[in-house]
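Structure below is coords.json: JSON, C-alpha atoms.
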[["chain", "number", "residue", "atom", "x", "y", "z"],
["O", 9, "MET", "CA", 84.56, -60.40, -58.76],
["O", 10, "LYS", "CA", 81.37, -62.45, -58.58],
["O", 11, "THR", "CA", 78.07, -60.97, -59.72],
["O", 12, "LEU", "CA", 74.95, -60.67, -57.62],
["O", 13, "ARG", "CA", 73.48, -63.61, -59.56],
["O", 14, "GLU", "CA", 76.51, -65.75, -58.72],
["O", 15, "TRP", "CA", 76.33, -64.77, -55.05],
["O", 16, "LEU", "CA", 72.67, -65.76, -54.87],
["O", 17, "ALA", "CA", 73.26, -69.04, -56.69],
["O", 18, "GLU", "CA", 76.25, -70.22, -54.66],
["O", 19, "ALA", "CA", 74.29, -71.09, -51.49],
["O", 20, "PRO", "CA", 70.71, -71.02, -50.13],
["O", 21, "PHE", "CA", 69.48, -67.53, -49.34],
["O", 22, "SER", "CA", 66.52, -65.89, -47.63],
["O", 23, "LEU", "CA", 64.53, -62.91, -48.90],
["O", 24, "THR", "CA", 63.24, -59.89, -46.99],
["O", 25, "MET", "CA", 61.07, -57.20, -48.56],
["O", 26, "SER", "CA", 60.43, -53.80, -47.02],
["O", 27, "SER", "CA", 57.24, -51.87, -46.55],
["O", 28, "GLY", "CA", 56.48, -49.06, -48.98],
["O", 29, "PHE", "CA", 52.77, -48.30, -49.38],
["O", 30, "PHE", "CA", 51.87, -49.69, -52.85],
["O", 31, "GLY", "CA", 55.42, -51.01, -53.30],
["O", 32, "PHE", "CA", 54.10, -54.54, -53.81],
["O", 33, "PHE", "CA", 54.20, -53.81, -57.55],
["O", 34, "ALA", "CA", 57.98, -53.35, -57.42],
["O", 35, "HIS", "CA", 58.50, -56.31, -55.06],
["O", 36, "CYS", "CA", 56.52, -58.52, -57.40],
["O", 37, "GLY", "CA", 58.50, -57.32, -60.41],
["O", 38, "MET", "CA", 61.73, -58.22, -58.63],
["O", 39, "MET", "CA", 60.31, -61.59, -57.59],
["O", 40, "THR", "CA", 59.34, -62.52, -61.16],
["O", 41, "VAL", "CA", 62.95, -62.08, -62.23],
["O", 42, "LEU", "CA", 64.25, -64.26, -59.39],
["O", 43, "GLU", "CA", 61.83, -66.96, -60.52],
["O", 44, "ASP", "CA", 62.93, -66.55, -64.15],
["O", 45, "GLU", "CA", 66.50, -67.15, -63.00],
["O", 46, "GLY", "CA", 65.64, -70.08, -60.73],
["O", 47, "LEU", "CA", 66.84, -68.11, -57.70],
["O", 48, "LEU", "CA", 64.26, -69.07, -55.10],
["O", 49, "PRO", "CA", 64.47, -68.14, -51.39],
["O", 50, "ARG", "CA", 64.35, -70.76, -48.66],
["O", 51, "ARG", "CA", 62.79, -68.35, -46.14],
["O", 52, "LEU", "CA", 61.00, -65.00, -46.40],
["O", 53, "SER", "CA", 59.99, -62.07, -44.23],
["O", 54, "GLY", "CA", 58.49, -58.65, -44.77],
["O", 55, "SER", "CA", 56.36, -55.73, -43.67],
["O", 56, "SER", "CA", 53.28, -54.33, -45.38],
["O", 57, "ALA", "CA", 53.83, -54.39, -49.17],
["O", 58, "GLY", "CA", 56.79, -56.70, -48.63],
["O", 59, "ALA", "CA", 54.74, -59.03, -46.45],
["O", 60, "LEU", "CA", 52.02, -59.18, -49.09],
["O", 61, "VAL", "CA", 54.43, -60.46, -51.74],
["O", 62, "ALA", "CA", 56.43, -62.66, -49.36],
["O", 63, "GLY", "CA", 53.31, -64.28, -47.92],
["O", 64, "SER", "CA", 51.63, -64.75, -51.28],
["O", 65, "TRP", "CA", 54.68, -66.45, -52.74],
["O", 66, "ALA", "CA", 55.24, -68.60, -49.65],
["O", 67, "SER", "CA", 51.61, -69.73, -49.79],
["O", 68, "GLY", "CA", 52.27, -71.25, -53.21],
["O", 69, "LEU", "CA", 51.34, -68.40, -55.55],
["O", 70, "ASP", "CA", 54.09, -68.13, -58.17],
["O", 71, "ALA", "CA", 55.28, -64.61, -58.96],
["O", 72, "PRO", "CA", 53.78, -64.48, -62.50],
["O", 73, "GLU", "CA", 50.36, -65.42, -61.08],
["O", 74, "LEU", "CA", 50.62, -62.70, -58.44],
["O", 75, "ALA", "CA", 51.74, -60.25, -61.13],
["O", 76, "ARG", "CA", 48.65, -60.99, -63.23],
["O", 77, "GLU", "CA", 46.46, -60.31, -60.21],
["O", 78, "LEU", "CA", 48.19, -57.06, -59.29],
["O", 79, "LEU", "CA", 48.40, -55.68, -62.80],
["O", 80, "ARG", "CA", 44.64, -55.86, -63.26],
["O", 81, "ILE", "CA", 43.68, -54.50, -59.85],
["O", 82, "GLU", "CA", 41.55, -51.36, -59.68],
["O", 83, "ARG", "CA", 40.73, -49.13, -56.72],
["O", 84, "ALA", "CA", 37.14, -50.45, -56.60],
["O", 85, "ASP", "CA", 38.54, -53.91, -55.81],
["O", 86, "PHE", "CA", 39.57, -52.83, -52.30],
["O", 87, "TRP", "CA", 37.78, -49.51, -51.74],
["O", 88, "ASP", "CA", 35.19, -50.01, -48.96],
["O", 89, "PRO", "CA", 34.93, -46.79, -46.91],
["O", 90, "ARG", "CA", 33.26, -47.06, -43.53],
["O", 91, "PRO", "CA", 33.45, -44.91, -40.37],
["O", 92, "GLY", "CA", 36.02, -46.15, -37.91],
["O", 93, "LEU", "CA", 39.71, -45.90, -37.05],
["O", 94, "GLY", "CA", 40.60, -45.50, -40.71],
["O", 95, "LEU", "CA", 38.97, -44.73, -44.03],
["O", 96, "LEU", "CA", 38.58, -48.27, -45.35],
["O", 97, "ARG", "CA", 36.99, -51.21, -43.55],
["O", 98, "GLY", "CA", 39.38, -53.67, -45.22],
["O", 99, "GLN", "CA", 36.86, -56.46, -45.84],
["O", 100, "LEU", "CA", 37.23, -56.28, -49.64],
["O", 101, "PHE", "CA", 40.99, -56.54, -49.24],
["O", 102, "ARG", "CA", 40.68, -59.51, -46.85],
["O", 103, "ALA", "CA", 38.25, -61.30, -49.17],
["O", 104, "ARG", "CA", 40.63, -60.82, -52.07],
["O", 105, "LEU", "CA", 43.48, -62.31, -50.06],
["O", 106, "GLU", "CA", 41.36, -65.28, -49.03],
["O", 107, "SER", "CA", 40.42, -66.04, -52.64],
["O", 108, "LEU", "CA", 43.95, -65.47, -53.94],
["O", 109, "LEU", "CA", 46.20, -67.47, -51.60],
["O", 110, "PRO", "CA", 46.60, -71.17, -52.48],
["O", 111, "ASN", "CA", 47.26, -71.95, -48.81],
["O", 112, "ALA", "CA", 45.47, -70.07, -46.06],
["O", 113, "HIS", "CA", 47.70, -71.19, -43.17],
["O", 114, "PHE", "CA", 51.34, -70.56, -42.33],
["O", 115, "GLY", "CA", 51.86, -74.23, -41.64],
["O", 116, "GLY", "CA", 51.15, -75.24, -45.23],
["O", 117, "CYS", "CA", 53.52, -72.75, -46.86],
["O", 118, "ARG", "CA", 56.29, -73.97, -49.15],
["O", 119, "ALA", "CA", 58.81, -71.81, -47.28],
["O", 120, "PRO", "CA", 58.80, -70.33, -43.76],
["O", 121, "VAL", "CA", 57.60, -66.72, -43.70],
["O", 122, "GLY", "CA", 57.58, -64.08, -40.96],
["O", 123, "VAL", "CA", 55.02, -61.25, -41.23],
["O", 124, "SER", "CA", 55.68, -58.08, -39.24],
["O", 125, "VAL", "CA", 52.70, -56.24, -37.73],
["O", 126, "PHE", "CA", 52.39, -53.44, -35.19],
["O", 127, "ASP", "CA", 50.49, -54.26, -31.98],
["O", 128, "LEU", "CA", 48.58, -51.13, -30.92],
["O", 129, "ARG", "CA", 47.93, -52.33, -27.38],
["O", 130, "ARG", "CA", 51.54, -53.23, -26.63],
["O", 131, "ARG", "CA", 53.03, -50.57, -28.94],
["O", 132, "ARG", "CA", 55.58, -52.89, -30.45],
["O", 133, "THR", "CA", 56.28, -54.98, -33.52],
["O", 134, "ARG", "CA", 55.11, -58.58, -33.52],
["O", 135, "VAL", "CA", 56.13, -61.21, -36.04],
["O", 136, "LEU", "CA", 53.36, -63.61, -37.02],
["O", 137, "THR", "CA", 54.52, -67.07, -38.13],
["O", 138, "GLU", "CA", 51.49, -69.26, -37.47],
["O", 139, "GLY", "CA", 47.72, -69.23, -37.85],
["O", 140, "ALA", "CA", 45.69, -67.71, -40.68],
["O", 141, "LEU", "CA", 47.89, -66.17, -43.36],
["O", 142, "PRO", "CA", 45.23, -63.83, -44.85],
["O", 143, "VAL", "CA", 44.66, -62.28, -41.41],
["O", 144, "ALA", "CA", 48.39, -61.67, -40.94],
["O", 145, "LEU", "CA", 48.82, -60.13, -44.39],
["O", 146, "HIS", "CA", 45.73, -57.96, -43.95],
["O", 147, "ALA", "CA", 47.08, -56.67, -40.63],
["O", 148, "SER", "CA", 50.59, -56.05, -41.99],
["O", 149, "CYS", "CA", 49.10, -53.96, -44.82],
["O", 150, "ALA", "CA", 46.62, -52.03, -42.63],
["O", 151, "VAL", "CA", 48.13, -48.58, -43.12],
["O", 152, "PRO", "CA", 47.07, -46.38, -40.17],
["O", 153, "LEU", "CA", 44.25, -43.95, -41.04],
["O", 154, "MET", "CA", 43.75, -45.67, -44.40],
["O", 155, "PHE", "CA", 42.53, -49.06, -43.10],
["O", 156, "HIS", "CA", 40.72, -49.97, -39.91],
["O", 157, "PRO", "CA", 42.99, -51.87, -37.51],
["O", 158, "VAL", "CA", 42.65, -55.66, -37.57],
["O", 159, "ARG", "CA", 41.30, -57.39, -34.46],
["O", 160, "TYR", "CA", 43.61, -60.21, -33.42],
["O", 161, "GLU", "CA", 43.39, -62.15, -30.15],
["O", 162, "ASP", "CA", 43.23, -59.47, -27.42],
["O", 163, "THR", "CA", 44.54, -56.55, -29.42],
["O", 164, "LEU", "CA", 44.43, -54.49, -32.62],
["O", 165, "LEU", "CA", 47.08, -54.76, -35.33],
["O", 166, "VAL", "CA", 48.16, -52.30, -38.01],
["O", 167, "ASP", "CA", 50.83, -51.92, -40.67],
["O", 168, "GLY", "CA", 54.10, -53.68, -39.85],
["O", 169, "GLY", "CA", 56.07, -50.76, -41.30],
["O", 170, "VAL", "CA", 55.17, -48.55, -38.32],
["O", 171, "LEU", "CA", 58.30, -49.75, -36.49],
["O", 172, "ASP", "CA", 59.76, -52.43, -38.77],
["O", 173, "ARG", "CA", 59.93, -50.75, -42.15],
["O", 174, "PRO", "CA", 62.61, -53.15, -43.46],
["O", 175, "GLY", "CA", 60.62, -56.23, -42.46],
["O", 176, "LEU", "CA", 63.75, -57.80, -40.98],
["O", 177, "GLU", "CA", 62.29, -58.57, -37.54],
["O", 178, "GLY", "CA", 60.97, -61.83, -38.92],
["O", 179, "MET", "CA", 64.33, -62.99, -40.28],
["O", 180, "PRO", "CA", 66.35, -65.17, -37.87],
["O", 181, "ALA", "CA", 69.95, -64.22, -37.15],
["O", 182, "GLY", "CA", 72.59, -65.96, -39.23],
["O", 183, "GLU", "CA", 70.53, -66.17, -42.42],
["O", 184, "ARG", "CA", 72.14, -65.28, -45.73],
["O", 185, "VAL", "CA", 69.73, -62.52, -46.78],
["O", 186, "LEU", "CA", 68.80, -60.63, -49.92],
["O", 187, "PHE", "CA", 66.99, -57.51, -48.70],
["O", 188, "HIS", "CA", 64.87, -55.69, -51.28],
["O", 189, "HIS", "CA", 64.65, -52.12, -50.03],
["O", 190, "LEU", "CA", 62.09, -49.67, -51.36],
["O", 191, "ALA", "CA", 63.51, -46.19, -50.91],
["O", 192, "SER", "CA", 60.92, -43.92, -49.28],
["O", 193, "LYS", "CA", 59.94, -40.67, -50.98],
["O", 194, "SER", "CA", 58.25, -39.34, -47.85],
["O", 195, "PRO", "CA", 60.05, -36.17, -46.69],
["O", 196, "TRP", "CA", 60.20, -37.33, -43.04],
["O", 197, "ARG", "CA", 61.88, -40.61, -44.01],
["O", 198, "THR", "CA", 64.61, -39.41, -46.37],
["O", 199, "SER", "CA", 67.27, -39.39, -43.64],
["O", 200, "LEU", "CA", 66.77, -43.05, -42.71],
["O", 201, "GLU", "CA", 69.85, -45.17, -43.28],
["O", 202, "LEU", "CA", 69.82, -48.59, -44.83],
["O", 203, "PRO", "CA", 69.85, -51.35, -42.21],
["O", 204, "THR", "CA", 73.05, -53.35, -41.90],
["O", 205, "ARG", "CA", 73.35, -56.98, -40.92],
["O", 206, "ALA", "CA", 75.91, -59.77, -41.27],
["O", 207, "HIS", "CA", 75.53, -61.88, -44.41],
["O", 208, "MET", "CA", 73.01, -59.48, -45.96],
["O", 209, "THR", "CA", 73.03, -57.90, -49.41],
["O", 210, "THR", "CA", 70.66, -55.01, -50.02],
["O", 211, "LEU", "CA", 69.14, -54.43, -53.44],
["O", 212, "VAL", "CA", 67.97, -50.86, -54.00],
["O", 213, "ILE", "CA", 66.05, -50.09, -57.17],
["O", 214, "GLU", "CA", 66.16, -46.35, -57.64],
["O", 215, "GLU", "CA", 63.73, -43.89, -59.22],
["O", 216, "LEU", "CA", 60.66, -46.11, -59.07],
["O", 217, "PRO", "CA", 57.35, -44.40, -59.89],
["O", 218, "ARG", "CA", 55.33, -43.67, -56.75],
["O", 219, "SER", "CA", 51.99, -45.42, -56.79],
["O", 220, "GLY", "CA", 48.91, -45.38, -54.58],
["O", 221, "PRO", "CA", 45.15, -45.87, -54.65],
["O", 222, "PHE", "CA", 44.77, -42.86, -56.94],
["O", 223, "ALA", "CA", 47.89, -43.63, -59.01],
["O", 224, "ILE", "CA", 47.60, -47.35, -59.68],
["O", 225, "GLU", "CA", 48.91, -46.94, -63.21],
["O", 226, "ASN", "CA", 52.22, -45.84, -61.68],
["O", 227, "GLY", "CA", 52.31, -49.20, -59.90],
["O", 228, "ARG", "CA", 52.18, -50.97, -63.24],
["O", 229, "ARG", "CA", 55.09, -48.86, -64.41],
["O", 230, "ALA", "CA", 56.95, -49.62, -61.17],
["O", 231, "PHE", "CA", 56.47, -53.35, -61.81],
["O", 232, "ALA", "CA", 58.06, -53.06, -65.27],
["O", 233, "ALA", "CA", 60.85, -50.82, -63.97],
["O", 234, "ALA", "CA", 61.65, -53.27, -61.15],
["O", 235, "ARG", "CA", 61.89, -56.15, -63.60],
["O", 236, "ARG", "CA", 64.34, -54.23, -65.81],
["O", 237, "ALA", "CA", 66.41, -53.06, -62.85],
["O", 238, "THR", "CA", 66.57, -56.50, -61.22],
["O", 239, "ARG", "CA", 67.83, -58.07, -64.45],
["O", 240, "ALA", "CA", 70.51, -55.37, -64.57],
["O", 241, "ALA", "CA", 71.35, -55.81, -60.88],
["O", 242, "LEU", "CA", 71.99, -59.54, -61.28],
["O", 243, "ARG", "CA", 74.79, -58.72, -63.71],
["O", 244, "LEU", "CA", 76.42, -56.19, -61.38],
["O", 245, "PRO", "CA", 79.32, -57.01, -59.03],
["O", 246, "HIS", "CA", 78.18, -58.33, -55.68],
["O", 247, "ALA", "CA", 78.47, -55.85, -52.81],
["O", 248, "SER", "CA", 76.77, -55.18, -49.50],
["O", 249, "VAL", "CA", 74.52, -52.71, -51.33],
["O", 250, "VAL", "CA", 73.66, -53.12, -55.02],
["O", 251, "ARG", "CA", 71.91, -50.21, -56.69],
["O", 252, "ALA", "CA", 70.21, -50.42, -60.07],
["O", 253, "ARG", "CA", 67.64, -48.53, -62.10]]
Please express the file's structure as structure tokens.
Amino acid sequence: MKTLREWLAEAPFSLTMSSGFFGFFAHCGMMTVLEDEGLLPRRLSGSSAGALVAGSWASGLDAPELARELLRIERADFWDPRPGLGLLRGQLFRARLESLLPNAHFGGCRAPVGVSVFDLRRRRTRVLTEGALPVALHASCAVPLMFHPVRYEDTLLVDGGVLDRPGLEGMPAGERVLFHHLASKSPWRTSLELPTRAHMTTLVIEELPRSGPFAIENGRRAFAAARRATRAALRLPHASVVRAR
């Protein structure tokens, strides 16, 4: 039976990364291992934390560079409280994105990327694939009540995980997909089933530390745990769902 590494290497694949609050640490840990192995996606999509990593990598930021940025982040780097429809204004976060991304526009990315956001006016998921990449990533990460919504065209946008937690809305049908799923520890989400789709393999890294703005050190531990688990997963037999820890 072929391993997950062999399955990924045998043909071009696309990568989708789910939302998961501060799960960008784990997504980035997984991505660094794919780069180490030379297993690079031809297309990406994601919501929230997944969109942040997918968009950053697509813009030209290699995973180790993104890891260095994330591992030194502190709450003060994005903490800008201001009255409004959320605790944080989000301008510090946007400015950090604008300074971090090598390419600020979807059109200049090294791989196509779809960023899921939630349109408050129309009450549905939208997938952004053109225009300013920092704006799209900011909107996809704008967790309701934590960040102010992002003004975009004639509407307001918030976190893509509101309706598209997997981040799969931005992945065209027929793609051969590796889906990195961050299992939710929220009590109202525990019953959610893993999405299924033709030609998709789901990687689930279990028992990751839960991080957040007041538990950033847990994010650093999640990064290291995701790297270890991804290395182990690549050696496991390929299946529709591969679980590692």
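Ranking O:Asp44, O:Asp127, O:Glu183, O:Asp85 by their shortest atom-to-atom distance to Asp167 of chain O, with only C-alpha atoms included, puts O:Asp127 first.
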(request) Could you tell me how far atom CA of Pro217 of chain O lies from atom CA of Leu165 of chain O, in Å and to one decimal? (result)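 Taking atom CA of Pro217 of chain O and atom CA of Leu165 of chain O, their separation equals 28.6 Å.
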(request) Give as a ChimeraX atom specification each residue that has an atom at most 9 Å from (56.7, -73.0, -37.6) in the file, counting only C-alpha atoms. (result) /O:114-115,120-121,137-138
(message) With distances taken over all atoms listed in the file, which residue among O:Val170, O:Ala59, O:Ala119, O:Ile213 lies nearest Pro142 of chain O?
(response)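 Answer, going by the shortest atom-to-atom distance: O:Ala59.
Residue nearest Ala181 of chain O, chosen from O:Ala206, O:Val143, O:Leu216, O:Leu211 and counting all atoms listed in the file: O:Ala206.
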(request) Would you please work out which residue, of O:Met39, O:Leu12, O:Leu109, O:Ala84, is nearest to Ser248 of chain O when using only C-alpha atoms? (result)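 Closest residue, counting only C-alpha atoms: O:Leu12.
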(message) Ranking O:Asn111, O:Ser22, O:Ser219, O:Gln99 by minimum distance to Arg184 of chain O and counting all atoms listed in the file, which one comes first?
(response) O:Ser22
Please rebuild segment 147-158 of chain O with all heavy atoms and return the result as an mmCIF file, in the frame of the given file.
data_model
loop_
_atom_site.group_PDB
_atom_site.id
_atom_site.type_symbol
_atom_site.label_atom_id
_atom_site.label_comp_id
_atom_site.auth_asym_id
_atom_site.auth_seq_id
_atom_site.Cartn_x
_atom_site.Cartn_y
_atom_site.Cartn_z
ATOM 1 N N ALA O 147 46.606 -57.521 -41.722
ATOM 2 C CA ALA O 147 47.080 -56.670 -40.630
ATOM 3 C C ALA O 147 48.365 -55.948 -41.011
ATOM 4 O O ALA O 147 48.521 -54.748 -40.752
ATOM 5 C CB ALA O 147 47.303 -57.509 -39.377
ATOM 6 N N SER O 148 49.300 -56.661 -41.637
ATOM 7 C CA SER O 148 50.590 -56.050 -41.990
ATOM 8 C C SER O 148 50.428 -54.926 -42.999
ATOM 9 O O SER O 148 51.252 -54.016 -43.052
ATOM 10 C CB SER O 148 51.544 -57.113 -42.536
ATOM 11 O OG SER O 148 52.855 -56.588 -42.654
ATOM 12 N N CYS O 149 49.349 -54.979 -43.797
ATOM 13 C CA CYS O 149 49.100 -53.960 -44.820
ATOM 14 C C CYS O 149 48.109 -52.891 -44.367
ATOM 15 O O CYS O 149 47.764 -52.000 -45.167
ATOM 16 C CB CYS O 149 48.567 -54.621 -46.088
ATOM 17 S SG CYS O 149 49.739 -55.701 -46.928
ATOM 18 N N ALA O 150 47.640 -52.954 -43.116
ATOM 19 C CA ALA O 150 46.620 -52.030 -42.630
ATOM 20 C C ALA O 150 47.246 -50.683 -42.271
ATOM 21 O O ALA O 150 47.491 -50.368 -41.093
ATOM 22 C CB ALA O 150 45.883 -52.622 -41.432
ATOM 23 N N VAL O 151 47.509 -49.894 -43.293
ATOM 24 C CA VAL O 151 48.130 -48.580 -43.120
ATOM 25 C C VAL O 151 47.277 -47.731 -42.179
ATOM 26 O O VAL O 151 46.072 -47.561 -42.411
ATOM 27 C CB VAL O 151 48.284 -47.864 -44.476
ATOM 28 C CG1 VAL O 151 48.896 -46.475 -44.292
ATOM 29 C CG2 VAL O 151 49.121 -48.702 -45.425
ATOM 30 N N PRO O 152 47.852 -47.198 -41.095
ATOM 31 C CA PRO O 152 47.070 -46.380 -40.170
ATOM 32 C C PRO O 152 46.375 -45.217 -40.876
ATOM 33 O O PRO O 152 46.941 -44.584 -41.771
ATOM 34 C CB PRO O 152 48.126 -45.873 -39.176
ATOM 35 C CG PRO O 152 49.188 -46.922 -39.204
ATOM 36 C CD PRO O 152 49.232 -47.390 -40.634
ATOM 37 N N LEU O 153 45.129 -44.991 -40.501
ATOM 38 C CA LEU O 153 44.250 -43.950 -41.040
ATOM 39 C C LEU O 153 43.676 -44.304 -42.412
ATOM 40 O O LEU O 153 42.641 -43.775 -42.800
ATOM 41 C CB LEU O 153 44.950 -42.588 -41.120
ATOM 42 C CG LEU O 153 45.495 -42.038 -39.804
ATOM 43 C CD1 LEU O 153 46.106 -40.660 -40.017
ATOM 44 C CD2 LEU O 153 44.403 -41.971 -38.744
ATOM 45 N N MET O 154 44.319 -45.223 -43.130
ATOM 46 C CA MET O 154 43.750 -45.670 -44.400
ATOM 47 C C MET O 154 42.840 -46.866 -44.178
ATOM 48 O O MET O 154 41.714 -46.905 -44.668
ATOM 49 C CB MET O 154 44.850 -46.022 -45.396
ATOM 50 C CG MET O 154 44.315 -46.504 -46.741
ATOM 51 S SD MET O 154 45.636 -46.792 -47.941
ATOM 52 C CE MET O 154 44.668 -47.494 -49.300
ATOM 53 N N PHE O 155 43.319 -47.871 -43.410
ATOM 54 C CA PHE O 155 42.530 -49.060 -43.100
ATOM 55 C C PHE O 155 42.180 -49.093 -41.613
ATOM 56 O O PHE O 155 42.961 -48.636 -40.763
ATOM 57 C CB PHE O 155 43.314 -50.335 -43.428
ATOM 58 C CG PHE O 155 43.343 -50.687 -44.891
ATOM 59 C CD1 PHE O 155 44.484 -50.462 -45.647
ATOM 60 C CD2 PHE O 155 42.232 -51.247 -45.506
ATOM 61 C CE1 PHE O 155 44.527 -50.790 -47.000
ATOM 62 C CE2 PHE O 155 42.258 -51.582 -46.843
ATOM 63 C CZ PHE O 155 43.399 -51.355 -47.605
ATOM 64 N N HIS O 156 41.027 -49.666 -41.311
ATOM 65 C CA HIS O 156 40.720 -49.970 -39.910
ATOM 66 C C HIS O 156 41.771 -50.941 -39.375
ATOM 67 O O HIS O 156 42.245 -51.827 -40.119
ATOM 68 C CB HIS O 156 39.348 -50.649 -39.803
ATOM 69 C CG HIS O 156 38.201 -49.764 -40.166
ATOM 70 N ND1 HIS O 156 36.893 -50.124 -39.906
ATOM 71 C CD2 HIS O 156 38.145 -48.551 -40.771
ATOM 72 C CE1 HIS O 156 36.079 -49.173 -40.332
ATOM 73 N NE2 HIS O 156 36.809 -48.205 -40.864
ATOM 74 N N PRO O 157 42.121 -50.848 -38.103
ATOM 75 C CA PRO O 157 42.990 -51.870 -37.510
ATOM 76 C C PRO O 157 42.317 -53.245 -37.570
ATOM 77 O O PRO O 157 41.095 -53.357 -37.671
ATOM 78 C CB PRO O 157 43.147 -51.395 -36.052
ATOM 79 C CG PRO O 157 42.818 -49.944 -36.081
ATOM 80 C CD PRO O 157 41.784 -49.783 -37.147
ATOM 81 N N VAL O 158 43.140 -54.281 -37.500
ATOM 82 C CA VAL O 158 42.650 -55.660 -37.570
ATOM 83 C C VAL O 158 42.595 -56.238 -36.159
ATOM 84 O O VAL O 158 43.608 -56.240 -35.440
ATOM 85 C CB VAL O 158 43.571 -56.511 -38.470
ATOM 86 C CG1 VAL O 158 43.154 -57.975 -38.441
ATOM 87 C CG2 VAL O 158 43.542 -55.968 -39.900
#
